Every structure is written in structure tokens, then in C-alpha cells.
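So this block is upload.tsv, TSV, C-alpha atoms:
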chain	number	residue	atom	x	y	z
E	2	MET	CA	-4.05	-22.49	-78.75
E	3	PHE	CA	-3.71	-20.80	-75.40
E	4	LYS	CA	-0.01	-20.16	-75.81
E	5	ARG	CA	-0.50	-18.79	-79.26
E	6	HIS	CA	-3.10	-16.29	-78.11
E	7	LYS	CA	-0.94	-15.32	-75.20
E	8	SER	CA	2.01	-14.30	-77.40
E	9	LEU	CA	-0.08	-11.90	-79.48
E	10	PRO	CA	-0.12	-9.04	-76.93
E	11	SER	CA	3.66	-9.14	-76.52
E	12	GLU	CA	4.19	-8.93	-80.27
E	13	ARG	CA	1.71	-6.04	-80.40
E	14	LYS	CA	3.71	-4.21	-77.75
E	15	ARG	CA	6.89	-4.63	-79.70
E	16	GLU	CA	5.30	-3.17	-82.83
E	17	ILE	CA	3.99	-0.14	-80.93
E	18	PHE	CA	7.35	0.40	-79.22
E	19	SER	CA	9.26	0.26	-82.53
E	20	GLN	CA	6.83	2.69	-84.10
E	21	GLY	CA	7.29	5.09	-81.16
E	22	VAL	CA	11.07	4.96	-81.40
E	23	THR	CA	10.99	5.57	-85.16
E	24	GLY	CA	8.67	8.54	-84.73
E	25	SER	CA	10.86	10.13	-82.08
E	26	MET	CA	13.94	9.70	-84.29
E	27	LEU	CA	12.16	11.33	-87.21
E	28	ARG	CA	11.12	14.23	-85.02
E	29	ASN	CA	14.72	14.66	-83.80
E	30	ASP	CA	16.05	14.55	-87.38
E	31	LEU	CA	13.57	17.20	-88.43
E	32	ARG	CA	14.61	19.43	-85.54
E	33	ASN	CA	18.31	19.02	-86.41
E	34	PHE	CA	17.69	19.74	-90.10
E	35	HIS	CA	15.65	22.83	-89.19
E	36	CYS	CA	18.47	24.15	-86.93
E	37	LEU	CA	21.08	23.48	-89.60
E	38	SER	CA	19.04	25.28	-92.27
E	39	GLN	CA	18.58	28.28	-89.96
E	40	LEU	CA	22.35	28.40	-89.35
E	41	VAL	CA	23.14	28.30	-93.08
E	42	LEU	CA	20.62	31.01	-93.86
E	43	SER	CA	21.96	33.26	-91.10
E	44	THR	CA	25.54	33.10	-92.45
E	45	GLY	CA	24.46	34.35	-95.88
E	46	PRO	CA	25.43	33.11	-99.35
E	47	LEU	CA	28.86	31.64	-99.99
E	48	LYS	CA	31.33	34.05	-101.63
E	49	ALA	CA	34.31	31.86	-102.41
E	50	ALA	CA	33.66	31.60	-106.13
E	51	PRO	CA	32.92	35.34	-106.75
E	52	VAL	CA	36.12	36.37	-104.92
E	53	SER	CA	38.42	34.36	-107.19
E	54	LYS	CA	36.63	35.66	-110.28
E	55	HIS	CA	36.57	39.24	-108.93
E	56	SER	CA	40.32	39.31	-108.13
E	57	LYS	CA	41.23	38.47	-111.72
E	58	THR	CA	39.32	41.42	-113.15
E	59	LEU	CA	40.60	43.98	-110.63
E	60	HIS	CA	44.36	43.72	-111.21
E	61	PHE	CA	46.50	44.68	-114.18
E	62	GLU	CA	50.08	43.97	-115.14
E	63	ILE	CA	51.94	47.00	-116.57
E	64	GLU	CA	54.89	46.25	-118.85
E	65	ILE	CA	57.16	49.30	-119.25
E	66	LEU	CA	59.47	49.45	-122.29
E	67	ASP	CA	62.13	51.95	-123.31
E	68	ALA	CA	60.62	54.28	-125.92
E	69	GLN	CA	63.80	54.27	-128.02
E	70	THR	CA	65.08	50.69	-127.85
E	71	ARG	CA	61.77	48.92	-127.02
E	72	LYS	CA	63.65	46.91	-124.40
E	73	GLN	CA	61.78	45.94	-121.26
E	74	ILE	CA	62.72	48.06	-118.22
E	75	CYS	CA	60.44	46.46	-115.64
E	76	ILE	CA	56.98	45.02	-114.97
E	77	VAL	CA	54.66	46.69	-112.47
E	78	ASP	CA	52.17	44.12	-111.19
E	79	LYS	CA	49.13	44.19	-108.89
E	80	VAL	CA	47.78	47.44	-110.31
E	81	VAL	CA	44.10	47.84	-109.44
E	82	GLN	CA	41.43	49.24	-111.74
E	83	THR	CA	41.13	52.49	-109.83
E	84	SER	CA	44.88	53.26	-110.18
E	85	THR	CA	46.00	56.21	-112.28
E	86	ILE	CA	49.13	56.95	-114.31
E	87	HIS	CA	50.46	58.81	-111.27
E	88	ASP	CA	50.14	55.63	-109.19
E	89	VAL	CA	51.99	53.66	-111.87
E	90	LYS	CA	54.82	56.23	-111.83
E	91	GLN	CA	55.10	55.83	-108.05
E	92	LYS	CA	55.36	52.05	-108.37
E	93	PHE	CA	57.83	52.43	-111.24
E	94	HIS	CA	60.02	54.65	-109.03
E	95	LYS	CA	60.09	51.90	-106.37
E	96	GLU	CA	61.29	49.41	-108.99
E	97	CYS	CA	63.78	51.87	-110.56
E	98	PRO	CA	64.80	54.46	-107.91
E	99	GLN	CA	67.06	56.38	-110.33
E	100	TRP	CA	63.98	57.82	-112.06
E	101	TYR	CA	61.71	60.06	-110.01
E	102	PRO	CA	57.96	60.15	-110.82
E	103	SER	CA	58.07	63.78	-111.96
E	104	GLN	CA	60.63	63.00	-114.67
E	105	VAL	CA	58.87	59.87	-115.99
E	106	GLY	CA	56.95	60.21	-119.24
E	107	LEU	CA	54.66	57.29	-120.20
E	108	GLN	CA	53.13	56.76	-123.63
E	109	LEU	CA	50.55	54.26	-124.79
E	110	GLU	CA	52.18	54.14	-128.23
E	111	GLN	CA	55.75	54.78	-129.30
E	112	GLY	CA	55.97	58.42	-130.36
E	113	GLY	CA	52.48	59.20	-129.06
E	114	PRO	CA	51.44	61.87	-126.55
E	115	PHE	CA	52.43	61.55	-122.90
E	116	LEU	CA	49.67	60.25	-120.66
E	117	LYS	CA	48.35	62.67	-118.03
E	118	ASP	CA	48.74	61.71	-114.37
E	119	TYR	CA	44.97	61.68	-113.74
E	120	ILE	CA	44.17	59.11	-116.48
E	121	SER	CA	42.97	55.79	-115.02
E	122	ILE	CA	44.48	52.50	-116.05
E	123	GLN	CA	41.03	51.02	-116.67
E	124	SER	CA	40.32	53.63	-119.36
E	125	ILE	CA	43.37	52.67	-121.45
E	126	ALA	CA	43.52	48.93	-120.80
E	127	ALA	CA	42.40	46.58	-123.55
E	128	SER	CA	43.34	43.49	-121.52
E	129	SER	CA	44.87	42.55	-118.19
E	130	ILE	CA	48.36	43.28	-119.59
E	131	VAL	CA	49.10	46.92	-120.50
E	132	THR	CA	52.25	48.01	-122.35
E	133	LEU	CA	53.56	51.56	-121.79
E	134	TYR	CA	56.62	53.28	-123.27
E	135	PHE	CA	58.99	55.19	-120.98
E	136	THR	CA	60.81	58.47	-121.76
E	137	ASP	CA	63.12	60.29	-119.33
E	138	LEU	CA	61.74	63.85	-119.21
E	139	GLY	CA	64.57	64.98	-116.94
E	140	GLN	CA	67.04	64.17	-119.69
E	141	GLN	CA	65.05	66.28	-122.16
E	142	VAL	CA	65.27	69.25	-119.79
E	143	PHE	CA	69.05	69.09	-119.65
E	144	LEU	CA	69.35	68.56	-123.39
E	145	ALA	CA	67.34	71.74	-123.98
E	146	GLU	CA	69.40	73.67	-121.42
E	147	TYR	CA	72.75	72.69	-122.95
E	148	THR	CA	71.89	72.70	-126.65
E	149	GLY	CA	70.78	76.34	-126.49
E	150	PRO	CA	74.08	77.79	-125.20
E	151	LEU	CA	76.05	75.79	-127.78
E	152	LEU	CA	74.06	77.18	-130.71
E	153	ILE	CA	73.68	80.71	-129.32
E	154	TYR	CA	77.41	81.14	-128.82
E	155	LEU	CA	78.12	79.95	-132.38
E	156	LEU	CA	75.66	82.52	-133.78
E	157	PHE	CA	77.58	85.34	-132.07
E	158	TYR	CA	80.90	83.82	-133.07
E	159	LEU	CA	79.86	83.82	-136.74
E	160	ARG	CA	78.84	87.48	-136.35
E	161	ILE	CA	75.58	87.13	-138.20
E	162	PRO	CA	73.98	90.37	-139.48
E	163	TYR	CA	71.92	92.63	-137.17
E	164	ILE	CA	74.10	91.73	-134.15
E	165	TYR	CA	77.25	93.76	-134.84
E	166	ASP	CA	78.05	96.52	-137.29
E	167	MET	CA	79.06	94.83	-140.55
E	168	LYS	CA	81.71	97.39	-141.49
E	169	GLU	CA	83.33	97.22	-138.09
E	170	SER	CA	83.20	93.42	-138.04
E	171	SER	CA	84.83	93.06	-141.45
E	172	GLY	CA	87.51	95.67	-140.77
E	173	ARG	CA	88.89	94.17	-137.54
E	174	LEU	CA	90.85	90.95	-137.16
E	175	ARG	CA	89.94	88.71	-134.25
E	176	HIS	CA	92.42	88.02	-131.50
E	177	PRO	CA	93.38	84.32	-131.13
E	178	VAL	CA	91.72	84.23	-127.71
E	179	VAL	CA	88.34	84.73	-129.41
E	180	HIS	CA	88.77	81.50	-131.39
E	181	LEU	CA	90.13	79.69	-128.34
E	182	ALA	CA	87.21	80.85	-126.21
E	183	CYS	CA	84.74	79.52	-128.77
E	184	PHE	CA	86.57	76.19	-128.83
E	185	CYS	CA	86.55	75.88	-125.02
E	186	HIS	CA	82.91	76.94	-124.74
E	187	CYS	CA	81.84	74.38	-127.34
E	188	ILE	CA	83.85	71.61	-125.65
E	189	HIS	CA	82.19	72.41	-122.33
E	190	TYR	CA	78.62	72.10	-123.60
E	191	ILE	CA	79.33	69.21	-125.96
E	192	ARG	CA	80.67	67.33	-122.92
E	193	TYR	CA	77.45	68.21	-121.08
E	194	LEU	CA	75.31	66.87	-123.90
E	195	LEU	CA	77.26	63.62	-124.31
E	196	GLU	CA	77.25	62.96	-120.57
E	197	THR	CA	73.51	63.62	-120.40
E	198	LEU	CA	72.92	61.06	-123.15
E	199	PHE	CA	75.42	58.35	-122.21
E	200	VAL	CA	76.68	58.88	-118.64
E	201	HIS	CA	74.24	60.63	-116.35
E	202	LYS	CA	71.16	59.09	-114.78
E	203	VAL	CA	69.23	62.16	-113.76
E	204	SER	CA	68.73	61.78	-110.02
E	205	ALA	CA	66.83	64.79	-108.78
E	206	GLY	CA	63.08	65.15	-108.65
E	207	HIS	CA	62.43	67.85	-111.22
E	208	THR	CA	59.18	69.32	-112.45
E	209	PRO	CA	59.99	69.25	-116.19
E	210	LEU	CA	58.22	72.42	-117.41
E	211	LYS	CA	59.26	74.55	-114.43
E	212	ASN	CA	62.85	73.40	-114.59
E	213	LEU	CA	62.98	73.83	-118.35
E	214	ILE	CA	61.93	77.48	-118.15
E	215	LYS	CA	64.30	78.33	-115.30
E	216	GLY	CA	67.26	76.47	-116.77
E	217	CYS	CA	66.87	77.83	-120.28
E	218	ALA	CA	66.38	81.40	-119.06
E	219	PHE	CA	69.56	81.23	-116.98
E	220	TYR	CA	71.89	79.43	-119.38
E	221	TRP	CA	70.61	80.94	-122.61
E	222	GLY	CA	70.49	84.46	-121.21
E	223	PHE	CA	74.02	84.41	-119.78
E	224	THR	CA	75.40	82.73	-122.90
E	225	SER	CA	74.02	85.55	-125.06
E	226	TRP	CA	75.58	88.17	-122.79
E	227	ILE	CA	78.95	86.36	-122.64
E	228	ALA	CA	79.11	85.65	-126.37
E	229	TYR	CA	78.17	89.23	-127.28
E	230	TYR	CA	81.13	90.66	-125.35
E	231	ILE	CA	83.78	88.09	-126.33
E	232	ASN	CA	82.91	88.16	-130.05
E	233	HIS	CA	82.42	91.93	-130.25
E	234	PRO	CA	84.67	93.67	-132.82
E	235	GLN	CA	85.96	96.01	-130.08
E	236	TYR	CA	86.84	93.20	-127.67
E	237	THR	CA	90.23	93.75	-126.01
E	238	PRO	CA	92.49	90.76	-125.23
E	239	PRO	CA	93.66	89.91	-121.67
E	240	SER	CA	96.13	92.20	-119.93
E	241	PHE	CA	98.99	89.68	-119.71
E	242	GLY	CA	98.69	88.51	-123.29
E	243	ASN	CA	99.30	85.01	-124.57
E	244	ARG	CA	100.83	83.70	-121.33
E	245	GLN	CA	97.60	84.43	-119.42
E	246	VAL	CA	95.55	82.87	-122.19
E	247	ALA	CA	97.70	79.73	-122.49
E	248	VAL	CA	97.85	78.96	-118.76
E	249	SER	CA	94.12	79.51	-118.34
E	250	ALA	CA	93.28	77.36	-121.37
E	251	ILE	CA	95.40	74.45	-120.10
E	252	ASN	CA	93.81	74.66	-116.67
E	253	PHE	CA	90.37	74.80	-118.30
E	254	LEU	CA	91.01	71.57	-120.23
E	255	ILE	CA	92.37	69.84	-117.11
E	256	CYS	CA	89.23	70.75	-115.15
E	257	GLU	CA	87.00	69.58	-118.00
E	258	ALA	CA	88.76	66.21	-118.09
E	259	GLY	CA	88.56	65.89	-114.30
E	260	ASN	CA	84.86	66.71	-114.32
E	261	HIS	CA	84.19	64.04	-116.91
E	262	PHE	CA	86.06	61.28	-115.05
E	263	ILE	CA	84.31	62.17	-111.77
E	264	ASN	CA	80.90	62.00	-113.47
E	265	VAL	CA	81.74	58.59	-114.91
E	266	ILE	CA	82.57	57.30	-111.41
E	267	LEU	CA	79.41	58.83	-109.90
E	268	ALA	CA	77.28	57.14	-112.58
E	269	HIS	CA	78.58	53.68	-111.62
E	270	PRO	CA	75.82	51.41	-110.21
E	271	ASN	CA	77.72	51.05	-106.91
E	272	HIS	CA	77.35	54.80	-106.31
E	273	THR	CA	73.68	55.24	-107.24
E	274	GLY	CA	70.41	54.14	-105.65
E	275	ILE	CA	69.49	53.24	-102.09
E	276	ASN	CA	72.42	50.91	-101.35
E	277	ALA	CA	75.05	53.26	-102.75
E	278	CYS	CA	78.56	53.42	-101.31
E	279	PHE	CA	80.82	56.47	-101.23
E	280	PRO	CA	83.02	56.76	-104.38
E	281	SER	CA	86.65	55.95	-103.85
E	282	PRO	CA	89.65	57.17	-105.90
E	283	ASN	CA	91.28	54.77	-108.34
E	284	TYR	CA	94.42	54.77	-110.51
E	285	ASN	CA	93.15	57.80	-112.45
E	286	PRO	CA	94.85	60.95	-111.00
E	287	PHE	CA	91.73	63.04	-111.69
E	288	THR	CA	89.79	60.94	-109.16
E	289	TRP	CA	92.26	61.66	-106.34
E	290	MET	CA	90.26	64.78	-105.58
E	291	PHE	CA	87.95	62.46	-103.61
E	292	PHE	CA	90.67	62.37	-100.94
E	293	LEU	CA	90.07	66.08	-100.25
E	294	VAL	CA	86.43	66.88	-101.05
E	295	SER	CA	83.13	65.03	-101.17
E	296	CYS	CA	81.86	66.74	-104.37
E	297	PRO	CA	84.85	67.01	-106.74
E	298	ASN	CA	82.60	67.39	-109.78
E	299	TYR	CA	81.61	70.83	-108.48
E	300	THR	CA	85.25	71.62	-107.75
E	301	TYR	CA	86.25	70.91	-111.34
E	302	GLU	CA	83.21	72.77	-112.69
E	303	ILE	CA	84.07	75.95	-110.80
E	304	GLY	CA	87.71	75.52	-111.84
E	305	SER	CA	86.66	75.46	-115.49
E	306	TRP	CA	84.68	78.69	-115.23
E	307	ILE	CA	87.36	80.49	-113.23
E	308	SER	CA	89.86	79.53	-115.93
E	309	PHE	CA	87.49	80.72	-118.65
E	310	THR	CA	87.04	84.02	-116.79
E	311	ILE	CA	90.79	84.61	-116.56
E	312	MET	CA	91.32	83.55	-120.17
E	313	THR	CA	88.72	85.94	-121.63
E	314	GLN	CA	88.91	88.66	-118.93
E	315	THR	CA	85.30	89.78	-119.36
E	316	LEU	CA	82.76	90.96	-116.79
E	317	PRO	CA	79.80	88.79	-117.92
E	318	VAL	CA	81.87	85.61	-117.52
E	319	GLY	CA	82.97	86.73	-114.05
E	320	ILE	CA	79.36	87.35	-112.92
E	321	PHE	CA	78.25	83.99	-114.32
E	322	THR	CA	81.13	82.25	-112.52
E	323	LEU	CA	80.24	83.96	-109.24
E	324	LEU	CA	76.58	82.90	-109.44
E	325	MET	CA	77.52	79.36	-110.40
E	326	SER	CA	79.98	79.19	-107.48
E	327	ILE	CA	77.31	80.27	-105.00
E	328	GLN	CA	74.77	77.78	-106.33
E	329	MET	CA	77.20	74.87	-106.45
E	330	SER	CA	78.53	75.60	-102.97
E	331	LEU	CA	74.95	75.28	-101.67
E	332	TRP	CA	74.49	71.99	-103.53
E	333	ALA	CA	77.85	70.71	-102.29
E	334	GLN	CA	77.12	71.55	-98.65
E	335	LYS	CA	73.74	69.84	-98.86
E	336	LYS	CA	75.28	66.69	-100.33
E	337	HIS	CA	78.14	66.83	-97.85
E	338	LYS	CA	75.68	66.69	-94.93
E	339	ILE	CA	73.99	63.67	-96.47
E	340	TYR	CA	77.35	61.96	-96.96
E	341	LEU	CA	78.30	62.66	-93.33
E	342	LYS	CA	75.20	60.80	-92.14
E	343	LYS	CA	75.56	57.85	-94.51
E	344	PHE	CA	79.33	57.47	-94.79
E	345	SER	CA	80.75	59.02	-91.62
E	346	SER	CA	83.83	56.78	-91.70
E	347	TYR	CA	84.77	57.96	-95.22
E	348	MET	CA	84.30	61.69	-94.58
E	349	HIS	CA	87.19	62.23	-92.16
E	350	ARG	CA	88.68	65.73	-92.68
E	351	LYS	CA	87.01	66.18	-96.07
E	352	SER	CA	85.58	69.46	-97.27
E	353	ALA	CA	82.44	69.83	-99.37
E	354	MET	CA	83.80	71.52	-102.51
E	355	ILE	CA	86.99	73.58	-101.91
E	356	PRO	CA	89.82	71.66	-100.14
E	357	PHE	CA	90.43	72.82	-96.54
E	358	ILE	CA	88.09	75.84	-97.00
E	359	LEU	CA	84.49	74.91	-97.92
Starting from the file, give its structure as C-alpha cells.
Amino acid sequence: MFKRHKSLPSERKREIFSQGVTGSMLRNDLRNFHCLSQLVLSTGPLKAAPVSKHSKTLHFEIEILDAQTRKQICIVDKVVQTSTIHDVKQKFHKECPQWYPSQVGLQLEQGGPFLKDYISIQSIAASSIVTLYFTDLGQQVFLAEYTGPLLIYLLFYLRIPYIYDMKESSGRLRHPVVHLACFCHCIHYIRYLLETLFVHKVSAGHTPLKNLIKGCAFYWGFTSWIAYYINHPQYTPPSFGNRQVAVSAINFLICEAGNHFINVILAHPNHTGINACFPSPNYNPFTWMFFLVSCPNYTYEIGSWISFTIMTQTLPVGIFTLLMSIQMSLWAQKKHKIYLKKFSSYMHRKSAMIPFIL
């Protein structure tokens, strides 16, 4: 009995000790939980889920198709909601450097109106994928510039009423050079139109409306002046007769052919864009002009107009040729400087436009 009563205090101590340890552990756990909750609350709410959902709604994918063939040209991705048509044109230019933003026309529907630069992508998007149709506005400018002179010259050649005196027109026979001049003039602008459609990739940053007005005023105005004189009933043939006409006409056709072959070479993918290389002559004799000048297309162009001036022997053609020569010499010198920086090893002893002179 004594031993049994003696063991009771020790067991009581153990119970009290275990209760004290458990209480202290609970208090420590509560403190730790309180600190952890304060830390979580101070960091704020988690944002992982909203970010993934938010990123999907903010970006669009723009598919750009050719307005005529409906073939895909490129896809512009990662376009944010706040982007405008102007921003899309800038991204499109990075994907396709041959088209500058100012000559890019984008339509929401084929044949529809061109979208203004300030229109936001969000306002026209029905889903995350937007399809736009591309039209080269620079090409339209050149088509307008070159179609006008072709038609205007033919109107003067046909001597429609209210331009010349009908009695005088019917009573005088035309000199053969008048018919030849019409043929050469038409060939020149038909070549321009065909190259614009099938050869050239317009590569200068034009403002379409401004360039259209300037180009049409220059080409259409001079064509009217030239055609009026050459097709006038009182037009006098060249001083040296048929020999002057024949030699000039042959030289005109040679320059036209040379100009065409040079433009075909310049339009090759190796000679366009950022990683372009300097054009080199090939087996075609018309391309050998690259040995002498850096811009042979301008050389042949001026040669054509000089030949046309000698063939017709008229003042308006001479003034037009002079102005064209000045403008093209400025263009040639500017390009020549660029070529010197990019292709210094290929430009040894080359002139810009006129061999050994300019």
C-alpha cells in the first residue's frame, strides 16, 4: 500500500509536465501560423491566373492577303489591342521591306475602302485572328502617271476636233516621222506600265496622294505640250531628213531594250532588300553597262529621250529631256554614294550615270 501511494505523485508530475509541453507547442504553432498569415496578406493576392488569361485577350494575329490573288503574304503576330493600322503597317514593313508603310493600303474586305491609319485594331477585330487585304498604293501612283501620257498623246495623234483646225488637218499629209514618233512614245509608256505591273517592286517611300498630283502634273502636262507640237499640221520634219530619223529611232529602241533588261536585273531578289548585293553583268550585252556606271537604267532612260529629241527635233521634247536629265543625275549621284558605302569593292572607277563623266 505504501509503495502504491508513493508512486502517485510521480505519475501526477508526468501528467502536468506533458500538459505543459503540449500547451507550449500549441502556443508556438499559433505564433507561427499568425506570422505566416501576416506574410501572405502583406504580399497581396496571387496574380498568376489573371496574367495568363489577360495575355490571351490583349494580343491579335493579323493575316495579310494579296487583294487580287487572295494569297497569304505574311502574318503579323503579337499585335496588342491599342495598336492602330499605322502600327500594323510598320510591322508589315519589317516582314516585307520592299513595301514602305506609306504605300501600303489595307482593307477589311476585298474591294472595300482603305482603312485609315488611326483606326485601332480592337475596333475592327471580331476575334483574335484578323484578316486584312493588301494593295500596293505606290504601284497605283505609277500606273496613273504612265497611263495618262499614253492616252493623251494618242488623242493629239488622232487630231480630234477642237485641238487643231479641221481644214488644215485634212489638207496636209503627215510626215513619216510623226507616225514613228507616236510608235516610239507608245512603246516607251507601254514598257513603263508592263514593268510596273510585272517587274518593279516599288522601293521608295512615297506619300501616294502627294506623289500622284506631282507626277501626273509633270508627265501629263509635258506630254500634252510635246504631242501638240509633233502632231500639229504645220510640223516641220528634222533638218537632216530620213537619215537623222532612222539613226535616232534605232538608238531609241536600243536604249529602251537596255532599260528593260537592267530593270529586270534590279528586280531580282538578290538585288533588293536589306541583304542586297550589287548587280553584276551577265551574258546579255545590255547589262555590260554595269562595268561603267552604277545606275545604267538612268543612262538608258536619258539615251532614249535624247534620241527622241533628235528624231523629232522639237523644243518641248528638248526641255523635257533636260529636266529629266537633271533629276535623274541627282537620283544617280545619291544612289552612287549609297553603293560606295555598301559595295566599295565593286565600285572601282565607276561613274554614277554617264561613263567617265558623271
- Message: Just checking: using all atoms listed in the file, which residue out of E:Asn264, E:Ser121, E:Asn283, E:Thr132 ends up closest to Asn298 (chain E)?
- Response: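 Smallest distance to Asn298 (chain E) is found for E:Asn264.
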- Atom-to-atom span, CA of Ala218 (chain E) and CA of Thr313 (chain E), Å: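 Distance reported for this atom pair: 22.9 Å.
As for CA of Pro317 (chain E) and CA of Leu198 (chain E), they are spaced 29.0 Å apart.
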- Message: Around the point (74.8, 71.6, -104.8) (coordinates from the file), which residues reach within 12 Å if we count only C-alpha atoms? Answer as a list in words.
- Response: Ala205, Ser295, Cys296, Pro297, Asn298, Tyr299, Thr300, Glu302, Ile303, Met325, Ser326, Ile327, Gln328, Met329, Ser330, Leu331, Trp332, Ala333, Gln334, Lys335, Lys336, His337, Lys338, Ile339, Ala353 and Met354 of chain E
- Of the residues E:Pro150, E:Pro234, E:Pro177, E:Pro162, which is the one nearest to Gly222 (chain E), using only C-alpha atoms?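 Smallest separation from Gly222 (chain E) among the options: E:Pro150.
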